[in-house]
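Enquirer: This is start_12.csv, which holds CSV, C-alpha atoms:
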```csv
chain,number,residue,atom,x,y,z
L,1,MET,CA,146.3,-34.0,75.8
L,2,GLN,CA,142.7,-33.1,76.5
L,3,LYS,CA,142.9,-34.8,79.9
L,4,VAL,CA,146.1,-33.0,80.8
L,5,VAL,CA,144.5,-29.6,80.0
L,6,THR,CA,141.4,-30.4,82.0
L,7,ASP,CA,143.3,-31.8,85.0
L,8,ARG,CA,145.5,-28.7,85.2
L,9,LYS,CA,142.8,-26.2,84.5
L,10,ALA,CA,143.1,-24.6,88.0
L,11,GLU,CA,146.9,-24.4,87.6
L,12,LEU,CA,146.6,-22.7,84.3
L,13,LEU,CA,144.0,-20.2,85.6
L,14,GLU,CA,146.3,-19.3,88.5
L,15,ALA,CA,149.2,-18.8,86.0
L,16,GLY,CA,147.0,-16.2,84.2
L,17,VAL,CA,145.8,-18.2,81.3
L,18,GLU,CA,142.3,-17.0,80.3
L,19,LEU,CA,139.4,-19.3,80.9
L,20,SER,CA,138.1,-18.7,77.3
L,21,ARG,CA,141.4,-19.8,75.9
L,22,ILE,CA,141.4,-23.0,78.0
L,23,GLU,CA,137.9,-23.9,77.1
L,24,GLY,CA,138.5,-23.1,73.4
L,25,TYR,CA,141.5,-25.4,73.3
L,26,VAL,CA,139.6,-28.2,74.9
L,27,ALA,CA,136.9,-27.9,72.4
L,28,SER,CA,139.4,-27.9,69.5
L,29,LEU,CA,141.0,-31.0,70.9
L,30,GLU,CA,137.6,-32.7,70.9
L,31,SER,CA,137.1,-31.7,67.2
L,32,ARG,CA,140.6,-32.9,66.3
L,33,PHE,CA,140.0,-36.3,68.0
L,34,ALA,CA,136.9,-36.8,65.9
L,35,LYS,CA,138.8,-35.9,62.7
L,36,VAL,CA,141.6,-38.4,63.6
L,37,GLU,CA,139.0,-41.1,64.1
L,38,SER,CA,137.5,-40.4,60.7
L,39,ARG,CA,141.1,-40.4,59.1
L,40,GLU,CA,140.8,-36.8,58.1
L,41,PHE,CA,144.1,-36.2,59.9
L,42,ALA,CA,147.2,-38.3,59.5
L,43,TRP,CA,150.7,-38.1,61.1
L,44,GLY,CA,153.9,-39.8,60.2
L,45,VAL,CA,157.6,-39.6,59.9
L,46,PHE,CA,159.4,-39.5,56.5
L,47,LEU,CA,163.0,-40.3,55.7
L,48,GLY,CA,164.4,-39.1,52.3
L,49,ARG,CA,167.7,-39.8,50.7
L,50,LYS,CA,169.6,-37.8,48.1
L,51,GLU,CA,170.3,-39.7,44.9
L,52,GLU,CA,173.8,-41.2,44.7
L,53,ASP,CA,176.4,-39.0,43.3
L,54,PHE,CA,177.2,-40.5,39.9
L,55,ASN,CA,180.9,-39.8,40.4
L,56,SER,CA,180.8,-42.4,43.3
L,57,ILE,CA,179.3,-45.1,41.1
L,58,LYS,CA,181.0,-44.5,37.8
L,59,ALA,CA,182.8,-47.8,37.8
L,60,ALA,CA,179.6,-49.7,38.3
L,61,VAL,CA,177.8,-47.7,35.6
L,62,LYS,CA,180.7,-48.2,33.2
L,63,ALA,CA,180.7,-52.0,33.8
L,64,LEU,CA,176.9,-52.0,33.1
L,65,GLU,CA,177.5,-50.1,29.9
L,66,ASN,CA,180.2,-52.5,28.7
L,67,ARG,CA,177.9,-55.4,29.2
L,68,ILE,CA,175.1,-53.6,27.4
L,69,GLN,CA,177.4,-53.1,24.4
L,70,GLU,CA,178.3,-56.8,24.5
L,71,GLN,CA,174.6,-57.6,24.6
L,72,TYR,CA,173.6,-55.4,21.6
L,73,ASP,CA,176.5,-54.2,19.6
L,74,THR,CA,178.5,-57.3,18.5
L,75,GLU,CA,177.9,-58.9,15.1
L,76,ALA,CA,176.4,-61.9,16.7
L,77,SER,CA,174.1,-59.8,18.9
L,78,MET,CA,172.9,-57.8,16.0
L,79,ILE,CA,172.0,-61.0,14.2
L,80,PHE,CA,170.3,-62.4,17.3
L,81,TYR,CA,168.0,-59.4,17.8
L,82,LYS,CA,167.3,-59.1,14.1
L,83,TYR,CA,165.7,-62.6,14.3
L,84,ILE,CA,164.4,-62.5,17.9
L,85,MET,CA,162.9,-59.0,18.3
L,86,GLY,CA,163.1,-57.5,14.8
L,87,GLY,CA,161.2,-60.1,12.9
L,88,GLY,CA,163.9,-59.8,10.2
L,89,GLY,CA,164.0,-56.0,10.4
L,90,ASP,CA,166.0,-53.4,12.3
L,91,ASN,CA,163.4,-52.7,15.0
L,92,MET,CA,164.3,-54.2,18.4
L,93,HIS,CA,161.1,-53.4,20.2
L,94,TYR,CA,158.0,-55.0,21.7
L,95,GLY,CA,155.0,-55.1,19.4
L,96,ILE,CA,151.3,-54.3,19.5
L,97,PHE,CA,149.0,-57.0,18.1
L,98,HIS,CA,145.6,-55.8,16.8
L,99,ASP,CA,144.3,-59.3,16.0
L,100,GLY,CA,147.1,-61.6,17.2
L,101,ASN,CA,148.0,-62.7,13.7
L,102,GLU,CA,150.7,-60.1,13.0
L,103,ASP,CA,154.3,-61.3,12.8
L,104,LEU,CA,156.9,-59.6,14.9
L,105,LEU,CA,158.0,-57.2,12.2
L,106,THR,CA,154.4,-55.9,11.8
L,107,ALA,CA,153.8,-55.8,15.5
L,108,SER,CA,156.9,-53.7,16.1
L,109,HIS,CA,155.9,-51.3,13.3
L,110,ASN,CA,152.4,-51.1,15.0
L,111,THR,CA,154.1,-49.8,18.2
L,112,MET,CA,156.1,-47.2,16.3
L,113,GLU,CA,152.9,-45.9,14.7
L,114,PHE,CA,151.0,-46.0,17.9
L,115,MET,CA,153.6,-43.9,19.7
L,116,ALA,CA,153.9,-41.5,16.8
L,117,ASN,CA,150.1,-41.0,16.8
L,118,LEU,CA,150.2,-40.4,20.5
L,119,ALA,CA,153.1,-37.9,20.2
L,120,ALA,CA,151.2,-36.2,17.3
L,121,GLN,CA,148.3,-35.5,19.6
L,122,HIS,CA,150.5,-33.6,21.9
L,123,SER,CA,152.9,-31.9,19.4
L,124,ALA,CA,153.1,-30.4,16.0
L,125,LEU,CA,154.4,-33.7,14.5
L,126,ARG,CA,151.7,-34.1,11.9
L,127,THR,CA,151.3,-30.4,11.1
L,128,SER,CA,153.1,-28.2,8.6
L,129,SER,CA,155.6,-27.4,11.3
L,130,GLY,CA,156.5,-31.1,11.7
L,131,ALA,CA,159.3,-30.8,9.2
L,132,HIS,CA,161.0,-28.2,11.4
L,133,MET,CA,160.8,-30.4,14.5
L,134,ARG,CA,163.9,-31.7,16.2
L,135,ILE,CA,163.6,-35.1,17.8
L,136,LEU,CA,166.0,-36.9,20.2
L,137,ASP,CA,165.9,-40.7,20.1
L,138,LEU,CA,167.5,-42.1,23.3
L,139,GLY,CA,168.9,-45.6,22.9
L,140,SER,CA,168.2,-45.6,19.1
L,141,GLY,CA,169.8,-49.0,18.4
L,142,LYS,CA,170.1,-49.7,14.7
L,143,GLY,CA,168.0,-46.6,14.0
L,144,ALA,CA,164.8,-48.1,12.6
L,145,THR,CA,162.5,-45.8,14.6
L,146,ALA,CA,164.6,-42.7,13.9
L,147,ARG,CA,164.5,-43.4,10.1
L,148,PHE,CA,160.8,-44.1,10.3
L,149,LEU,CA,160.2,-40.7,12.0
L,150,ALA,CA,162.5,-38.8,9.6
L,151,LYS,CA,160.8,-40.3,6.5
L,152,THR,CA,157.2,-40.1,7.8
L,153,PHE,CA,157.4,-36.6,9.1
L,154,GLN,CA,160.4,-35.0,7.3
L,155,CYS,CA,161.8,-34.0,10.7
L,156,HIS,CA,165.4,-34.2,11.9
L,157,VAL,CA,166.2,-36.9,14.4
L,158,THR,CA,169.3,-37.0,16.7
L,159,CYS,CA,170.1,-40.6,17.7
L,160,MET,CA,171.9,-41.0,21.0
L,161,ASN,CA,173.2,-44.6,21.3
L,162,LEU,CA,176.0,-46.4,23.0
L,163,GLY,CA,176.8,-49.1,20.4
L,164,GLU,CA,179.3,-48.0,17.8
L,165,ASN,CA,178.5,-50.7,15.3
L,166,GLN,CA,174.8,-50.0,15.6
L,167,ASN,CA,175.5,-46.3,15.0
L,168,LYS,CA,177.6,-47.0,11.9
L,169,TYR,CA,174.8,-49.3,10.6
L,170,ASN,CA,172.2,-46.5,11.2
L,171,LEU,CA,174.2,-43.9,9.3
L,172,GLN,CA,174.8,-46.2,6.4
L,173,LYS,CA,171.1,-47.1,6.2
L,174,ALA,CA,170.1,-43.5,6.4
L,175,LYS,CA,172.4,-42.8,3.5
L,176,GLU,CA,171.0,-45.7,1.4
L,177,GLU,CA,167.5,-44.5,2.2
L,178,GLY,CA,168.3,-40.9,1.1
L,179,ILE,CA,167.7,-39.3,4.5
L,180,ALA,CA,171.2,-38.8,5.7
L,181,HIS,CA,170.6,-35.1,6.1
L,182,ARG,CA,167.8,-35.8,8.5
L,183,ILE,CA,169.7,-38.2,10.8
L,184,SER,CA,172.6,-37.5,13.1
L,185,VAL,CA,174.1,-39.9,15.5
L,186,VAL,CA,175.8,-39.2,18.8
L,187,LYS,CA,177.7,-42.0,20.6
L,188,GLY,CA,176.8,-41.5,24.2
L,189,SER,CA,175.1,-42.8,27.3
L,190,PHE,CA,172.0,-41.4,29.0
L,191,ASN,CA,173.8,-42.4,32.2
L,192,ASP,CA,175.8,-39.1,31.7
L,193,PHE,CA,174.5,-35.6,31.6
L,194,PHE,CA,173.5,-34.5,28.1
L,195,PRO,CA,175.6,-31.9,26.3
L,196,ALA,CA,175.1,-28.4,27.6
L,197,GLU,CA,174.3,-27.1,24.1
L,198,TRP,CA,171.3,-29.4,24.0
L,199,THR,CA,169.4,-27.3,26.5
L,200,ALA,CA,165.9,-26.4,25.1
L,201,GLN,CA,166.8,-27.7,21.7
L,202,PHE,CA,164.3,-30.6,21.1
L,203,ASP,CA,160.6,-30.6,20.4
L,204,LEU,CA,160.2,-34.3,21.2
L,205,VAL,CA,162.3,-36.8,23.1
L,206,TRP,CA,161.6,-40.4,22.2
L,207,SER,CA,162.7,-43.8,23.5
L,208,GLN,CA,161.7,-47.5,23.2
L,209,GLU,CA,162.7,-50.2,25.6
L,210,ALA,CA,166.0,-48.4,26.5
L,211,LEU,CA,165.4,-46.6,29.7
L,212,CYS,CA,165.5,-49.9,31.6
L,213,HIS,CA,169.3,-49.6,31.1
L,214,ALA,CA,169.4,-46.2,32.9
L,215,ALA,CA,171.2,-46.3,36.3
L,216,ASN,CA,169.4,-43.2,37.5
L,217,ARG,CA,166.0,-42.5,36.0
L,218,VAL,CA,165.3,-39.5,38.1
L,219,MET,CA,168.4,-37.8,36.7
L,220,LEU,CA,167.5,-39.0,33.2
L,221,CYS,CA,164.1,-37.4,33.4
L,222,SER,CA,165.5,-34.2,34.7
L,223,GLU,CA,167.9,-34.2,31.7
L,224,VAL,CA,165.1,-34.8,29.3
L,225,GLU,CA,163.2,-31.9,30.8
L,226,ARG,CA,166.3,-29.7,30.3
L,227,VAL,CA,166.7,-30.5,26.6
L,228,LEU,CA,163.1,-30.2,25.7
L,229,LYS,CA,161.8,-26.9,24.4
L,230,PRO,CA,159.0,-25.2,26.4
L,231,GLY,CA,155.9,-27.3,25.6
L,232,GLY,CA,158.0,-30.2,24.3
L,233,THR,CA,156.9,-33.8,24.6
L,234,PHE,CA,158.5,-36.9,26.1
L,235,VAL,CA,157.2,-40.2,24.8
L,236,PHE,CA,158.7,-43.6,25.7
L,237,SER,CA,157.9,-47.2,26.1
L,238,ASP,CA,159.7,-49.6,28.5
L,239,ILE,CA,159.5,-53.0,30.1
L,240,MET,CA,158.6,-52.6,33.8
L,241,ARG,CA,157.9,-54.5,36.9
L,242,GLY,CA,154.4,-55.9,37.2
L,243,GLU,CA,152.7,-56.1,40.6
L,244,THR,CA,154.0,-59.7,41.2
L,245,PHE,CA,157.4,-59.3,39.6
L,246,GLN,CA,160.2,-61.3,41.2
L,247,GLU,CA,163.6,-59.8,40.5
L,248,ARG,CA,165.5,-63.1,40.4
L,249,ALA,CA,163.0,-65.0,38.3
L,250,HIS,CA,163.8,-63.0,35.2
L,251,GLY,CA,166.7,-62.5,32.9
L,252,TYR,CA,166.3,-58.8,32.9
L,253,SER,CA,168.5,-58.6,35.9
L,254,GLY,CA,171.1,-61.0,34.5
L,255,GLY,CA,171.3,-61.9,30.9
L,256,ALA,CA,169.6,-58.7,29.7
L,257,PHE,CA,172.0,-56.5,31.7
L,258,THR,CA,169.4,-53.9,32.7
L,259,ALA,CA,169.5,-51.7,35.7
L,260,LYS,CA,166.8,-52.6,38.2
L,261,LEU,CA,163.4,-52.5,36.5
L,262,ALA,CA,161.2,-49.6,37.4
L,263,SER,CA,157.5,-49.7,38.1
L,264,PRO,CA,154.9,-47.5,36.3
L,265,ASP,CA,154.6,-45.5,39.5
L,266,GLU,CA,158.3,-44.9,39.7
L,267,TYR,CA,158.4,-43.6,36.2
L,268,THR,CA,155.4,-41.4,37.0
L,269,GLN,CA,157.2,-40.0,40.0
L,270,ALA,CA,160.4,-39.4,38.0
L,271,ILE,CA,158.4,-37.5,35.3
L,272,LEU,CA,156.6,-35.4,37.9
L,273,GLY,CA,159.7,-34.8,39.9
L,274,ALA,CA,161.4,-33.4,36.7
L,275,SER,CA,158.7,-30.7,36.5
L,276,MET,CA,156.9,-32.3,33.6
L,277,THR,CA,153.3,-33.3,33.5
L,278,LEU,CA,152.0,-36.8,32.9
L,279,SER,CA,149.5,-36.3,30.1
L,280,VAL,CA,148.8,-39.9,29.1
L,281,TYR,CA,149.5,-43.4,30.4
L,282,LYS,CA,148.7,-46.4,28.1
L,283,ASP,CA,149.0,-49.9,29.5
L,284,LEU,CA,149.8,-52.3,26.7
L,285,THR,CA,150.6,-55.3,28.9
L,286,ALA,CA,147.9,-57.4,27.2
L,287,ASN,CA,150.2,-57.7,24.1
L,288,LEU,CA,153.1,-59.3,26.0
L,289,ALA,CA,151.8,-62.9,26.1
L,290,THR,CA,151.4,-62.9,22.3
L,291,TYR,CA,154.7,-61.2,21.8
L,292,PHE,CA,156.7,-63.6,24.1
L,293,SER,CA,155.0,-66.6,22.4
L,294,LYS,CA,155.9,-65.4,18.9
L,295,THR,CA,159.4,-64.6,20.1
L,296,ALA,CA,159.9,-68.1,21.4
L,297,ARG,CA,158.6,-69.5,18.1
L,298,SER,CA,161.1,-67.3,16.3
L,299,VAL,CA,164.0,-68.7,18.4
L,300,ARG,CA,163.1,-72.2,17.5
L,301,GLN,CA,162.5,-71.4,13.8
L,302,HIS,CA,165.8,-69.5,13.3
L,303,ARG,CA,167.9,-71.4,15.7
L,304,LEU,CA,170.2,-73.1,13.1
L,305,ALA,CA,170.6,-69.9,11.1
L,306,MET,CA,171.6,-68.0,14.3
L,307,LEU,CA,174.1,-70.7,15.3
L,308,ASN,CA,175.6,-70.7,11.9
L,309,ALA,CA,175.9,-66.9,12.2
L,310,GLY,CA,177.9,-67.2,15.4
L,311,VAL,CA,175.2,-66.7,18.0
L,312,PRO,CA,176.2,-68.9,21.0
L,313,GLY,CA,173.8,-71.8,21.7
L,314,TYR,CA,173.7,-71.1,25.4
L,315,ARG,CA,172.4,-67.6,24.7
L,316,LEU,CA,169.5,-69.1,22.7
L,317,GLU,CA,168.7,-71.6,25.4
L,318,ALA,CA,168.8,-69.0,28.2
L,319,TYR,CA,166.6,-66.6,26.3
L,320,LEU,CA,164.1,-69.3,25.4
L,321,ASN,CA,163.9,-70.5,29.0
L,322,ASP,CA,163.5,-66.9,30.2
L,323,LEU,CA,160.6,-66.3,28.0
L,324,THR,CA,158.5,-68.7,30.0
L,325,THR,CA,159.0,-66.6,33.2
L,326,ARG,CA,158.0,-63.2,31.8
L,327,SER,CA,154.2,-63.2,32.2
L,328,ASP,CA,154.4,-60.8,35.3
L,329,VAL,CA,156.3,-58.1,33.5
L,330,GLY,CA,154.4,-55.2,31.8
L,331,LEU,CA,155.0,-53.2,28.7
L,332,ASN,CA,153.7,-49.7,29.2
L,333,LEU,CA,153.8,-46.3,27.4
L,334,LEU,CA,154.4,-43.1,29.3
L,335,PRO,CA,154.4,-39.9,27.2
```
Please, can you express the file's structure as structure tokens?
Expert:
Amino acid sequence: MQKVVTDRKAELLEAGVELSRIEGYVASLESRFAKVESREFAWGVFLGRKEEDFNSIKAAVKALENRIQEQYDTEASMIFYKYIMGGGGDNMHYGIFHDGNEDLLTASHNTMEFMANLAAQHSALRTSSGAHMRILDLGSGKGATARFLAKTFQCHVTCMNLGENQNKYNLQKAKEEGIAHRISVVKGSFNDFFPAEWTAQFDLVWSQEALCHAANRVMLCSEVERVLKPGGTFVFSDIMRGETFQERAHGYSGGAFTAKLASPDEYTQAILGASMTLSVYKDLTANLATYFSKTARSVRQHRLAMLNAGVPGYRLEAYLNDLTTRSDVGLNLLP
């Protein structure tokens, strides 16, 4: 460009362009060239795509949700996860190990406490106002976390969960534990828009290892933003793609019936894109090796009991084999 202007200087002058303007432009080009060389300037082409209209993929989403219910909501599945992830309890979540000697039940409880403490730092959860807080638990499963929150903070928790049997179990346990007035259950999917009446109704939205089943996390985060009150908090944990994750090497894309796993960066962008701020990011990947090792041990220890309870043998074998391939996947928390 600079050469073109210089070579055609006479022509430009004859056409009435002022000399000062020509010389000024040449000087600016020299400056711009230096900035390009120093990478101060950049240039490129972007191509964006609008997210798919959910109406166009409803059949695929419905099929995914049916498989998810088969995975979690049958009698055999509830027994399977009680032994495998719950450590004999109702929690179906990854665990935090402080010294490596905790069992799965204790480690899962550590995660609940960790997330609750994190949420309390950014909300009124541990204050006198905590009892007036409304919490939405997305993918609440058998309700262990919801009941923990209700009992610990005397708050009200709305559980949104796809599995009808899990929901019935949750309500029954809440009644037995004397907190039925603090727990409500909605059978639903976060692959749909949340009810209109939920707009700005919740102080805290909570989820553990459930958003991996979301078909559209951008839409989901936008819905979370909509139902949060101004200043509300979104805290969740999820299994995600590590830097060297290979999609076909893990059961998360097959036996676990998840949508495609997101990366921490993709979740970050979804949060920011929903007009929320990312206040904290905690990487807990270091706990996974211990967790998977103890889970594999639990499969072996309780194999006979699970078989007698109706859990298919092929499911146990597939899960056990898959545990050996999971070292590249990270557990992270994004509030």
Enquirer: Between CA of Ala119 (chain L) and CA of Ile271 (chain L), what is the spacing in Å?
Expert: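 Computing the Euclidean distance for CA of Ile271 (chain L) and CA of Ala119 (chain L) yields 16.0 Å.
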Enquirer: At most 7 Å is the cut-off: for each residue in region 164-249 of chain L with any atom that close to an atom of region 272-296 of chain L, write down the nearest atom pair and the distance in Å rounded to one decimal, counting only C-alpha atoms, chain first then increasing number, as a Markdown table.
Expert:
```
| residue | atom | partner | partner_atom | distance |
| --- | --- | --- | --- | --- |
| L:Cys221 | CA | L:Ala274 | CA | 5.8 |
| L:Ser222 | CA | L:Ala274 | CA | 4.6 |
| L:Glu225 | CA | L:Ala274 | CA | 6.3 |
```
Enquirer: What's the 6 Å shell around region 154-156 of chain L, counting all atoms listed in the file, without same-chain residues fewer than 3 positions away, as a list in words?
Expert: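 What passes the distance filter is Ala131, His132, Met133, Arg134, Ala150, Lys151, Arg182 and Ile183 of chain L.
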Enquirer: Measuring between only C-alpha atoms, which one of L:Ala107, L:Ile79, L:Leu136, L:Ala270 shows the shortest distance to Lys229 (chain L)?
Expert: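 With only C-alpha atoms as the atom set, the closest residue is L:Leu136.
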Enquirer: So how many Å separate CA of Asn161 (chain L) and CA of Ser77 (chain L), to one decimal?
Expert: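 The value is 15.4 Å.
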Enquirer: Residues within 10 Å of Pro230 (chain L), please, as a PyMOL selection string. Count all atoms listed in the file; anything in the same chain fewer than 5 positions from it doesn't count.
Expert: chain L and resi 200-203+225
